[in-house]
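K.L.:
So here's start02.txt, just compact mmCIF, C-alpha atoms (C1' of nucleotides):
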```txt
# COMPACT_ATOMS: atom_id res chain seq x y z
CA MET A 1 0.00 0.00 0.00
CA GLN A 2 1.43 3.33 -1.06
CA GLY A 3 -0.03 5.46 1.73
CA GLN A 4 1.54 3.29 4.36
CA LYS A 5 4.98 3.41 2.76
CA HIS A 6 4.74 7.15 2.64
CA ARG A 7 3.85 7.34 6.31
CA GLN A 8 6.81 5.13 7.18
CA ASN A 9 9.20 7.26 5.15
CA LYS A 10 7.93 10.35 6.82
CA ALA A 11 8.34 8.85 10.27
CA ARG A 12 11.91 7.87 9.49
CA GLU A 13 12.74 11.30 8.19
CA GLU A 14 11.34 13.05 11.20
CA LEU A 15 13.27 10.75 13.48
CA ALA A 16 16.45 11.22 11.47
CA ASP A 17 16.03 14.96 11.65
CA ARG A 18 15.59 15.01 15.41
CA MET A 19 18.50 12.65 16.01
CA HIS A 20 20.72 14.75 13.78
CA SER A 21 19.84 17.89 15.64
CA ALA A 22 20.23 16.29 19.06
CA ALA A 23 23.65 14.94 18.13
CA ILE A 24 24.82 18.37 17.04
CA HIS A 25 23.71 19.99 20.25
CA LEU A 26 25.07 17.24 22.45
CA LEU A 27 28.53 17.49 20.94
CA ARG A 28 28.59 21.27 21.21
CA ARG A 29 27.98 20.96 24.91
CA VAL A 30 30.43 18.21 25.61
CA ARG A 31 33.15 19.72 23.47
CA LYS A 32 33.53 22.62 25.87
CA GLN A 33 34.95 20.32 28.52
CA ASP A 34 37.89 19.64 26.25
CA ALA A 35 39.11 23.20 26.72
CA THR A 36 40.87 22.10 29.91
CA MET A 37 43.07 19.80 27.88
CA ALA A 38 44.61 22.60 25.84
CA GLN A 39 44.42 20.58 22.64
CA ALA A 40 42.11 21.17 19.69
CA PRO A 41 39.24 18.75 18.98
CA ALA A 42 40.68 17.05 15.91
CA ARG A 43 43.90 16.34 17.80
CA LEU A 44 42.10 14.91 20.78
CA SER A 45 39.99 12.74 18.51
CA ALA A 46 43.02 11.39 16.66
CA LEU A 47 44.92 10.82 19.89
CA SER A 48 41.94 9.00 21.27
CA VAL A 49 42.05 6.52 18.40
CA LEU A 50 45.75 5.90 18.98
CA VAL A 51 45.31 5.41 22.70
CA PHE A 52 42.30 3.16 22.55
CA ALA A 53 42.94 1.25 19.31
CA GLY A 54 46.75 1.12 19.38
CA ALA A 55 49.54 2.08 16.98
CA MET A 56 48.83 2.64 13.29
CA THR A 57 50.11 4.57 10.26
CA ILE A 58 49.15 8.08 9.19
CA GLY A 59 47.03 6.72 6.37
CA GLU A 60 45.18 4.32 8.60
CA LEU A 61 44.55 7.03 11.15
CA ALA A 62 43.34 9.41 8.42
CA SER A 63 40.93 6.77 7.22
CA ALA A 64 39.76 6.02 10.77
CA GLU A 65 39.06 9.71 11.27
CA GLN A 66 37.51 10.06 7.81
CA VAL A 67 39.93 12.73 6.83
CA LYS A 68 42.41 13.10 3.94
CA PRO A 69 46.08 12.22 4.52
CA PRO A 70 47.43 15.80 4.35
CA THR A 71 45.00 16.82 7.07
CA MET A 72 46.06 13.96 9.31
CA SER A 73 49.70 14.68 8.55
CA ARG A 74 49.29 18.13 10.05
CA ILE A 75 47.23 16.97 13.00
CA VAL A 76 49.94 14.47 13.86
CA ALA A 77 52.61 17.16 13.52
CA GLY A 78 50.78 19.14 16.21
CA LEU A 79 50.50 16.12 18.47
CA GLU A 80 54.18 15.43 17.99
CA ARG A 81 55.13 18.99 18.87
CA ALA A 82 53.15 18.57 22.10
CA ARG A 83 54.98 15.26 22.70
CA LEU A 84 51.73 13.33 22.81
CA VAL A 85 52.66 10.92 20.01
CA LYS A 86 55.89 9.74 18.46
CA ARG A 87 56.66 8.46 14.97
CA VAL A 88 58.50 5.23 14.25
CA ARG A 89 59.57 4.41 10.71
CA ASP A 90 58.36 1.03 9.61
CA ALA A 91 61.27 -1.40 9.27
CA MET A 92 59.56 -3.41 6.52
CA ASP A 93 58.34 -0.47 4.44
CA GLY A 94 60.32 2.73 4.59
CA ARG A 95 57.41 4.80 3.32
CA ARG A 96 55.24 3.98 6.29
CA VAL A 97 55.34 5.70 9.65
CA GLN A 98 53.88 4.02 12.68
CA LEU A 99 52.34 6.34 15.26
CA LEU A 100 52.45 5.64 18.97
CA ALA A 101 50.88 7.53 21.83
CA THR A 102 53.51 8.55 24.37
CA PRO A 103 52.89 7.95 28.10
CA LYS A 104 52.05 11.65 28.34
CA GLY A 105 49.55 11.28 25.51
CA THR A 106 47.95 8.23 27.04
CA LYS A 107 47.63 9.91 30.40
CA LEU A 108 46.14 13.08 28.95
CA MET A 109 43.64 11.09 26.94
CA ARG A 110 42.45 8.95 29.81
CA GLN A 111 42.05 11.96 32.06
CA GLY A 112 40.30 14.00 29.39
CA ARG A 113 37.95 11.28 28.40
CA ARG A 114 37.14 10.78 32.05
CA ARG A 115 36.40 14.49 32.49
CA ARG A 116 34.24 14.74 29.39
CA ILE A 117 32.28 11.63 30.14
CA THR A 118 31.86 12.47 33.81
CA TYR A 119 30.50 15.84 32.84
CA PHE A 120 27.97 14.40 30.45
CA ALA A 121 27.10 11.62 32.88
CA SER A 122 26.35 14.14 35.62
CA GLN A 123 23.67 15.61 33.35
CA LEU A 124 22.01 12.23 33.16
CA LYS A 125 21.27 12.23 36.87
CA MET A 126 17.90 13.80 36.18
CA LEU A 127 16.73 10.67 34.36
CA THR A 128 14.70 7.85 35.79
CA ARG A 129 15.79 4.27 35.63
CA ASP A 130 13.36 3.63 32.79
CA GLU A 131 14.62 6.55 30.76
CA MET A 132 18.19 5.35 31.20
CA ALA A 133 17.18 1.92 29.98
CA ILE A 134 15.62 3.41 26.86
CA LEU A 135 18.71 5.46 26.09
CA ASP A 136 20.87 2.44 26.63
CA GLU A 137 18.90 0.37 24.22
CA SER A 138 18.78 3.16 21.65
CA VAL A 139 22.55 3.52 21.57
CA GLY A 140 22.85 -0.14 20.74
CA ILE A 141 20.43 0.33 17.87
CA LEU A 142 22.28 3.37 16.61
CA GLN A 143 25.58 1.52 16.75
CA LYS A 144 24.05 -1.19 14.61
CA VAL A 145 22.92 1.39 12.06
CA LEU A 146 26.38 2.97 11.98
CA GLN A 147 28.11 -0.36 11.52
CA SER A 148 26.08 -1.36 8.51
CA TRP A 149 26.05 2.12 7.01
CA THR A 150 26.56 2.03 3.25
CA MET B 1 23.75 2.74 50.12
CA GLN B 2 27.19 3.56 48.72
CA GLY B 3 27.66 0.51 46.54
CA GLN B 4 24.47 1.15 44.71
CA LYS B 5 25.33 4.78 44.07
CA HIS B 6 28.62 3.72 42.63
CA ARG B 7 26.95 1.26 40.31
CA GLN B 8 24.57 3.96 39.13
CA ASN B 9 27.40 6.39 38.44
CA LYS B 10 29.24 3.78 36.48
CA ALA B 11 26.19 2.93 34.41
CA ARG B 12 25.68 6.61 33.62
CA GLU B 13 29.29 7.05 32.56
CA GLU B 14 29.26 4.05 30.31
CA LEU B 15 26.08 5.25 28.70
CA ALA B 16 27.46 8.78 28.31
CA ASP B 17 30.59 7.41 26.70
CA ARG B 18 28.70 5.33 24.17
CA MET B 19 26.29 8.15 23.33
CA HIS B 20 29.18 10.54 22.87
CA SER B 21 30.96 8.19 20.52
CA ALA B 22 27.81 7.38 18.55
CA ALA B 23 27.03 11.08 18.12
CA ILE B 24 30.52 11.74 16.74
CA HIS B 25 30.29 8.95 14.22
CA LEU B 26 26.77 9.80 13.17
CA LEU B 27 27.66 13.40 12.40
CA ARG B 28 30.76 12.47 10.45
CA ARG B 29 28.64 10.34 8.18
CA VAL B 30 25.81 12.79 7.69
CA ARG B 31 28.08 15.78 7.20
CA LYS B 32 29.31 14.48 3.89
CA GLN B 33 25.90 14.96 2.32
CA ASP B 34 26.20 18.68 2.85
CA ALA B 35 28.93 18.89 0.23
CA THR B 36 26.26 19.14 -2.46
CA MET B 37 25.05 22.44 -1.03
CA ALA B 38 28.31 24.26 -1.62
CA GLN B 39 28.10 25.96 1.77
CA ALA B 40 30.25 25.21 4.79
CA PRO B 41 28.76 23.45 7.82
CA ALA B 42 28.68 26.43 10.19
CA ARG B 43 26.83 28.47 7.58
CA LEU B 44 24.30 25.77 6.92
CA SER B 45 23.72 25.36 10.62
CA ALA B 46 23.17 29.07 11.17
CA LEU B 47 20.94 29.35 8.12
CA SER B 48 18.94 26.43 9.38
CA VAL B 49 18.19 28.28 12.60
CA LEU B 50 17.05 31.34 10.68
CA VAL B 51 14.86 29.34 8.34
CA PHE B 52 13.22 27.17 10.95
CA ALA B 53 13.09 29.52 13.94
CA GLY B 54 12.58 32.83 12.12
CA ALA B 55 14.33 36.19 12.11
CA MET B 56 16.68 37.17 14.93
CA THR B 57 19.71 39.34 15.66
CA ILE B 58 23.38 38.41 15.27
CA GLY B 59 23.76 38.10 19.02
CA GLU B 60 20.76 35.86 19.38
CA LEU B 61 21.94 33.68 16.54
CA ALA B 62 25.44 33.48 18.03
CA SER B 63 23.94 32.41 21.32
CA ALA B 64 21.67 29.87 19.63
CA GLU B 65 24.69 28.41 17.89
CA GLN B 66 26.82 28.64 21.05
CA VAL B 67 29.41 30.72 19.32
CA LYS B 68 30.91 34.16 20.08
CA PRO B 69 29.54 37.24 18.27
CA PRO B 70 32.61 37.85 16.05
CA THR B 71 32.38 34.31 14.76
CA MET B 72 28.71 34.69 13.91
CA SER B 73 29.38 38.06 12.37
CA ARG B 74 31.68 36.43 9.87
CA ILE B 75 29.41 33.47 9.22
CA VAL B 76 26.58 35.88 8.45
CA ALA B 77 28.85 37.88 6.15
CA GLY B 78 29.43 34.74 4.14
CA LEU B 79 25.72 33.96 3.99
CA GLU B 80 25.01 37.49 2.88
CA ARG B 81 27.61 37.32 0.12
CA ALA B 82 25.85 34.19 -1.11
CA ARG B 83 22.52 36.07 -0.90
CA LEU B 84 21.09 33.51 1.49
CA VAL B 85 20.27 36.01 4.25
CA LYS B 86 19.71 39.74 4.40
CA ARG B 87 20.23 42.25 7.21
CA VAL B 88 17.57 44.70 8.36
CA ARG B 89 18.47 47.40 10.87
CA ASP B 90 16.17 47.39 13.85
CA ALA B 91 13.92 50.48 13.83
CA MET B 92 13.68 50.60 17.64
CA ASP B 93 17.37 50.04 18.40
CA GLY B 94 19.85 51.17 15.79
CA ARG B 95 22.56 48.91 17.14
CA ARG B 96 20.64 45.77 16.39
CA VAL B 97 20.51 43.99 13.06
CA GLN B 98 17.71 41.60 12.30
CA LEU B 99 18.63 38.70 10.06
CA LEU B 100 16.20 37.20 7.58
CA ALA B 101 16.61 34.20 5.32
CA THR B 102 16.02 35.17 1.69
CA PRO B 103 13.75 33.04 -0.50
CA LYS B 104 16.90 31.56 -2.00
CA GLY B 105 18.20 30.74 1.49
CA THR B 106 14.95 29.18 2.54
CA LYS B 107 14.80 27.07 -0.58
CA LEU B 108 18.40 25.89 -0.27
CA MET B 109 17.87 24.98 3.35
CA ARG B 110 14.72 23.02 2.79
CA GLN B 111 16.29 21.12 -0.10
CA GLY B 112 19.53 20.49 1.77
CA ARG B 113 17.84 19.40 4.92
CA ARG B 114 15.71 17.12 2.84
CA ARG B 115 18.78 15.58 1.21
CA ARG B 116 20.66 15.11 4.48
CA ILE B 117 17.73 13.74 6.35
CA THR B 118 16.63 11.52 3.51
CA TYR B 119 20.11 10.07 3.39
CA PHE B 120 20.17 9.32 7.10
CA ALA B 121 16.58 8.14 7.02
CA SER B 122 17.37 5.65 4.28
CA GLN B 123 19.86 4.04 6.65
CA LEU B 124 17.07 3.54 9.16
CA LYS B 125 15.17 1.25 6.83
CA MET B 126 16.93 -1.73 8.37
CA LEU B 127 15.20 -1.11 11.70
CA THR B 128 12.07 -2.76 12.96
CA ARG B 129 9.05 -0.85 14.09
CA ASP B 130 10.00 -1.51 17.73
CA GLU B 131 13.53 -0.25 17.27
CA MET B 132 12.21 2.90 15.64
CA ALA B 133 9.92 3.44 18.59
CA ILE B 134 12.81 3.13 21.01
CA LEU B 135 14.93 5.60 19.07
CA ASP B 136 12.02 7.97 18.91
CA GLU B 137 11.50 7.87 22.64
CA SER B 138 15.21 8.22 23.32
CA VAL B 139 15.50 11.40 21.27
CA GLY B 140 12.78 12.95 23.38
CA ILE B 141 14.69 12.04 26.51
CA LEU B 142 17.92 13.43 25.12
CA GLN B 143 16.19 16.65 24.14
CA LYS B 144 14.99 16.97 27.72
CA VAL B 145 18.53 16.51 29.01
CA LEU B 146 19.84 19.12 26.59
CA GLN B 147 17.18 21.62 27.55
CA SER B 148 17.91 21.47 31.24
CA TRP B 149 21.66 21.24 30.80
CA THR B 150 23.50 23.37 33.33
C1' DT C 1 68.34 -5.58 -14.20
C1' DG C 2 66.43 -1.33 -14.67
C1' DG C 3 62.73 1.74 -16.11
C1' DA C 4 57.77 2.46 -15.39
C1' DT C 5 54.21 2.54 -12.07
C1' DA C 6 52.10 2.63 -7.59
C1' DT C 7 51.93 3.94 -2.78
C1' DC C 8 52.90 6.72 1.54
C1' DG C 9 53.61 10.80 3.30
C1' DT C 10 54.64 15.89 3.08
C1' DT C 11 54.48 20.65 1.40
C1' DA C 12 52.07 24.62 -0.43
C1' DG C 13 48.17 27.24 -0.87
C1' DC C 14 43.27 28.14 -0.32
C1' DA C 15 38.77 28.65 2.47
C1' DT C 16 36.32 28.17 6.74
C1' DA C 17 35.70 28.60 11.66
C1' DG C 18 36.83 29.22 16.38
C1' DC C 19 38.88 32.60 19.78
C1' DT C 20 40.33 37.37 22.21
C1' DA C 21 41.27 42.25 22.07
C1' DA C 22 40.20 46.47 20.50
C1' DC C 23 37.26 49.42 17.98
C1' DT C 24 32.70 52.09 16.26
C1' DA C 25 28.09 53.29 16.77
C1' DT C 26 24.05 53.58 19.28
C1' DA C 27 21.32 53.50 23.68
C1' DA C 28 20.65 54.11 28.53
C1' DT C 29 21.87 56.18 32.95
C1' DT C 30 22.92 59.71 36.05
C1' DA D 1 26.07 66.51 28.94
C1' DA D 2 29.09 62.99 30.38
C1' DT D 3 29.53 58.39 31.54
C1' DT D 4 28.54 53.75 31.07
C1' DA D 5 26.56 49.77 28.73
C1' DT D 6 25.37 47.12 24.67
C1' DA D 7 25.44 45.35 19.58
C1' DG D 8 28.20 44.52 16.11
C1' DT D 9 32.61 44.72 13.39
C1' DT D 10 37.55 44.51 12.43
C1' DA D 11 42.11 42.60 13.03
C1' DG D 12 44.94 38.96 13.96
C1' DC D 13 45.96 34.44 15.85
C1' DT D 14 45.35 29.13 15.65
C1' DA D 15 43.26 25.05 13.87
C1' DT D 16 41.06 22.07 10.37
C1' DG D 17 39.33 20.74 6.07
C1' DC D 18 40.42 20.37 0.97
C1' DT D 19 43.22 19.69 -3.75
C1' DA D 20 47.42 19.74 -6.42
C1' DA D 21 51.98 18.80 -6.76
C1' DC D 22 56.09 16.64 -5.08
C1' DG D 23 59.83 13.41 -2.93
C1' DA D 24 60.94 8.96 -1.30
C1' DT D 25 60.31 4.23 -1.25
C1' DA D 26 58.33 -0.26 -3.11
C1' DT D 27 56.72 -3.11 -6.63
C1' DC D 28 56.13 -4.82 -11.31
C1' DC D 29 57.45 -6.57 -15.49
C1' DA D 30 59.75 -6.49 -19.99
```
Would you write out, as structure tokens, the structure that this file holds?
P.N.:
Amino acid sequence: MQGQKHRQNKAREELADRMHSAAIHLLRRVRKQDATMAQAPARLSALSVLVFAGAMTIGELASAEQVKPPTMSRIVAGLERARLVKRVRDAMDGRRVQLLATPKGTKLMRQGRRRRITYFASQLKMLTRDEMAILDESVGILQKVLQSWT
Amino acid sequence: MQGQKHRQNKAREELADRMHSAAIHLLRRVRKQDATMAQAPARLSALSVLVFAGAMTIGELASAEQVKPPTMSRIVAGLERARLVKRVRDAMDGRRVQLLATPKGTKLMRQGRRRRITYFASQLKMLTRDEMAILDESVGILQKVLQSWT
DNA sequence: TGGATATCGTTAGCATAGCTAACTATAATT
DNA sequence: AATTATAGTTAGCTATGCTAACGATATCCA
């Protein structure tokens, strides 16, 4: 039935719209906590990947961050200047450069993540147990959508 | 009871962490659709507020976008150059400048929003009716959290 | 083997977007 | 009228995204 399909499309689009908007506003809020870390957002995001997923090359990190290589090259240069990561030339392939978070980088990341998450979590105190459960379930659903995204 | 409180805090932090991460990844995906509009993200976001919430001043728009006035001043300059908004001096208070989306701006926004949302919405087709309902409810909860955010 | 081709990363140059400090113009206060 | 407050802009810094062009290294294949 055509009318029903149309209603379903509309429902999906309204939901998509609201989720999109909520995500934007959530990140704007949370981002402000990062100011205490004295590192720009793209750097913190890249460092986070290195700390929590382990060493990788510039190209891999660029791809993980959905950014072009020259952009990642510069982000890494900044992180290196701040002594948060170090480069190690690949012994097998001289073109490749493995990136490693330094102890300083790892420490900063863990502390920062903790601060950001704690801040957001404190805002969730207003929610009931049921509301928390719904949010919890919804994140799982969203993760599934993101994984199979084409 | 202290043990229970601790468990609750931990649950909140884990949830906050997962929501944070999901929001980041969602926006990275959706953002790419905006390329077709030939306007940068901050401009599209500001224009969106003007189109969907109506005319307002630079300061109000800056505050709505959680950005400082000089930043919004420049974003609006770009939108004006592209003839997507126009400025109208406030008759009551000569310091103020009301911003209005032009017909061109309104049209672009509606089309762009449509494209972005349609793209995201198409990814939601894999979900069941129940999963949609959970996401729907969760967005309402998140909106509530954002509204009362301190 | 050695020249062509492919890959990894960097450099250069452009536009956008965030900030603070300092400025202009207008309004409000005293 | 003089002072103070408010709205917006300008100037100048840093950061982040892109493409195009380049150097260095690896790989292919005739």
K.L.:
When you look at A:Val88 with a cut-off of 12 Å (counting all atoms listed in the file), what residues show up, excluding the ones that are within fewer than 3 positions of it in the same chain? I need them as a PyMOL selection string.
P.N.:
chain A and resi 55-58+80+85+91-102
K.L.:
Counting only C-alpha atoms (C1' of nucleotides), which of A:Lys144, A:Lys104, A:Arg74, A:Arg87 gets nearest to chain C?
P.N.:
A:Arg74
K.L.:
Is it possible to get the residues within 12 Å of (26.7, -2.2, 14.0) (coordinates as in the file, counting only C-alpha atoms (C1' of nucleotides)) written as a list in words?
P.N.:
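Protein, DNA and RNA residues close to (26.7, -2.2, 14.0): Val139, Gly140, Ile141, Leu142, Gln143, Lys144, Val145, Leu146, Gln147, Ser148, Trp149 and Thr150 of chain A; Ala22, His25, Gln123, Met126 and Leu127 of chain B.
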K.L.:
With the cut-off set at 9 Å and counting all atoms listed in the file, tabulate each residue of chain C with an atom at most that distance from an atom of chain B, showing the nearest atom pair and its distance in Å to one decimal, ordered by chain and increasing number, as a Markdown table.
P.N.:
```
| residue | atom | partner | partner_atom | distance |
| --- | --- | --- | --- | --- |
| C:DT16 | C1' | B:Ala40 | CA | 7.0 |
| C:DA17 | C1' | B:Thr71 | CA | 7.3 |
| C:DG18 | C1' | B:Thr71 | CA | 7.0 |
| C:DC19 | C1' | B:Lys68 | CA | 8.1 |
| C:DA25 | C1' | B:Arg95 | CA | 7.1 |
| C:DT26 | C1' | B:Arg95 | CA | 5.3 |
| C:DA27 | C1' | B:Asp93 | CA | 7.4 |
```
K.L.:
Which of these residues is nearest to B:Glu137, using only C-alpha atoms: A:Met19, A:Arg28, A:Gln66, A:Glu60?
P.N.:
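Comparing A:Met19, A:Arg28, A:Gln66, A:Glu60 against B:Glu137, the winner is A:Met19.
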K.L.:
For A:Ile134, work out the shell of residues within 8 Å, counting only C-alpha atoms (C1' of nucleotides) and skipping chain neighbours fewer than 4 positions away, then give it as a ChimeraX atom specification.
P.N.:
/A:130,138 /B:134,137-138
K.L.:
Okay, now the selection with C-alpha atoms, as a PDB file, in the coordinates of the input?
P.N.:
```pdb
ATOM      1  CA  ASP A 130      13.360   3.630  32.790  1.00  0.00           C
ATOM      2  CA  SER A 138      18.780   3.160  21.650  1.00  0.00           C
TER       3      SER A 138
ATOM      4  CA  ILE B 134      12.810   3.130  21.010  1.00  0.00           C
ATOM      5  CA  GLU B 137      11.500   7.870  22.640  1.00  0.00           C
ATOM      6  CA  SER B 138      15.210   8.220  23.320  1.00  0.00           C
TER       7      SER B 138
END
```
K.L.:
Tell me as an MDAnalysis selection string which residues belonging to chain D come within 9 Å of chain A, counting only C-alpha atoms (C1' of nucleotides).
P.N.:
chainID D and resid 15:18 24:26
K.L.:
Which residue gives the smallest distance to chain B among A:Val49, A:Leu108, A:Leu135, A:Ala62, with all atoms listed in the file counted?
P.N.:
A:Leu135
K.L.:
Of the residues B:Gly54, B:Arg29, B:Ala133, B:Ala121, which is the one nearest to chain A, using only C-alpha atoms?
P.N.:
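Of all the options, B:Ala121 lies closest to chain A.
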K.L.:
Rounded to one decimal place, report the atom CA of A:Arg114-atom CA of B:Asp136 distance in Å.
P.N.:
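Pair atom CA of A:Arg114 / atom CA of B:Asp136 returns 28.5 Å.
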K.L.:
Which residues are close to C:DT5, i.e. within 12 Å by all atoms listed in the file, leaving aside same-chain residues fewer than 6 positions away? Reply as an MDAnalysis selection string.
P.N.:
chainID D and resid 26:29
K.L.:
Kindly give the distance, in Å, that separates atom CA of A:Phe120 and atom CA of B:Ser63, rounded to a single decimal.
P.N.:
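Computing it gives 20.6 Å between the two atoms.
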K.L.:
Give the answer as one residue: which of B:Ser73, B:Asn9, B:Leu27, B:Gln4 has the shortest atom-to-atom distance to D:DT10, using all atoms listed in the file?
P.N.:
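Closest to D:DT10, using all atoms listed in the file: B:Ser73.
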K.L.:
What's around A:Gly112 at 10 Å? Count only C-alpha atoms (C1' of nucleotides), leave out sequence neighbours fewer than 6 positions away in its own chain, and write the answer as a list in words.
P.N.:
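Selected residues are Gln33, Asp34, Ala35, Thr36, Met37, Leu44, Ser48, Thr106 and Thr118 of chain A.
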K.L.:
Rank B:Ala64, B:Val76, B:Leu84, B:Leu50 by their smallest atom-to-atom distance to chain A, using all atoms listed in the file, and report the top residue only.
P.N.:
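So, comparing all the options, the nearest one is B:Ala64.
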K.L.:
In Å, with one decimal, what is the gap from atom CA of B:Arg7 to atom CA of A:Val30?
P.N.:
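According to the coordinates, atom CA of B:Arg7 and atom CA of A:Val30 are separated by 22.7 Å.
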